[in-house]
Each structure stands twice: as structure tokens, then as C-alpha cells.
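Down below is the structure, laid out as C-alpha cells.
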Amino acid sequence: MLDFIITPFVNILLYIYDFLGHGINDFGWAIILFTLAIRLALYPLTKSQLQMSKNMQKLNENPEYIKLQKKRKEGKIDQEKFAQEQMKLYQELGINPLGSCLPTLLQFPIIIGLYWSVTKALATSPIQLIDLIPDINLSNASSLLPLNSQFLWMDLSQPERWYGLAHILPKSWGLGEFGVPILAILVFVTSYFQSKWMTPTTSGPNDQGAAMSRMMSLYIPVLMAWLSYSYSAGLAVYFVASNIFALLQYVMMGRIDLSGILKRNKQSA
């Protein structure tokens, strides 16, 4: 059903892998470069997402919205009437309360396509290779396959775990076989901060747009972390790289003030 996404993704990944020299770690770097290309392609949506987030934050300063909030607090209008008036105000100001979630939602077909692309490209059995070859448009496919799935400490075709505790902790603790899902943790942390900086802030716990954004800012990091924990490490590499590139975009567009963050950290210390 997603062949129109999976087949191009497989070819792009293999092309980058071939360009890098198709050696050890190269397929991991191919995923990272592919992720960068995806982030650049989504830049117009990301810019629109940032603008929508700013518009939602400015809503708190709107006199009509302040009056509406006051009426609700004083009991002059019920919640249903408040929601209707709020949506009417959104339309007048050109605000889409779900607009800040759009680029994230659009990534889900990409995520599904990338998962199956990585799974398909990392074919090892004869049957899997036979199924993969018709989709490859590169003339030197025979020299590329099977791909080297090693990247740093992980096998990109398997869920990522780090077993370095065996070299750090005493053997008597019995944690040598415990694998730490480092990428899943990184995915959750970077996804959380990305969502936190992108979530529009509006006053009032009953604001439906703000409530939806807050819910998404929590559920999406948990979902991505679970996917990273459960599925191939190649998908987790994409998540981490995508989140880091997104945060860098926010810095470049002035959404994140690093100097202000460092200043606050120094004051708190």
C-alpha cells in the first residue's frame, strides 16, 4: 500500500550508502543524511508551524479573548458557549489550533515508509534479497547487497540496546546482560523538548486548542520512544537525527534563545 513511498526511500538510502562508500557505519550515516533531506523538505511546514505557534501565544494578549475568558470565569457563559466563541475568534484571527501539530502528523507516513524501507534494504536471506532487487534502480546493486547493518554499537536491523554495563558495573550485580535502550531515551528527551518549544501557550485549563497541544506534546514523545524501543535501530536513528535537526532549525529561526537558556542556567546555579 505504501510502495509509492517505500520504493523511492529504498533507492535514496542505497544511493547515499553507495556514495559514502558502502562500508561499516555507512548505512547509519545514510539514514542521517536522508533525515536531513527530509527536514529541509519539511522546512516550509516547520516555518508555518512556528508562525502558528506564535499566533496562538499572542492570543492571550487579544482584548476580545481576554473578555471571553473573564466572562467564563464569572459564569456569564457556559463551556459550550465559550468554545463556540473561542472558535469564532480563531477563525477571525486566522488561527488553526491544530496547525502546530501538522508537520508532526505528516511525518507518520514517512516514519512508516522509512521503517519498511530500512527493513527491506537490510535484507539478508535469499528470499528477502529476491524481493528487494526488483525495487532497486542502481546498476551496481549486486556490489551493495547485502548491506552492512553495523552502526556504532548497534545493528540497525534490530532494536537498539547498549550492553556496556557489563564493563562498568561489578559482575556480582548481575546487570551484565541488561541492555540500556540509549536511543529510545534520546528519542523521548529530544521529542519532549521539541514538543515543549513548539507547544503554543494559552491561558486557561479549559482552552481546547492548548489542551490538545499539551496532550500531543506528551503522547508523541512517548509513542516515538516506544517505537524506538520496539523496532529496528534504523528507525530510532532517524528519530534522534530528525529531532536534533528540528531543534537546530528552531535555533536558526530564533525560536530557541540559547543565550537566554544559558543565562537562566547560570543564575539558577
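Residues are named by chain letter and number: chains run A, B, ... in the order of the C-alpha cells, numbers start at 1 in each chain, and ligands are numbered from 1 in the order shown.
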Near Pro181 (chain A), within 9 Å and counting only C-alpha atoms, which residues show up once chain neighbours fewer than 6 positions away are dropped, as a PyMOL selection string? chain A and resi 159-162+228-229
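Summary of the local environment: counting only C-alpha atoms, residues at most 12 Å from Ile130 (chain A), other than itself and those fewer than 2 positions away along its chain, are Lys120, Ala121, Ala123, Thr124, Ser125, Pro126, Ile127, Gln128, Leu132, Ile133, Pro134, Asp135, Ile136, Ala141, Ser142, Leu145 and Pro146 of chain A.
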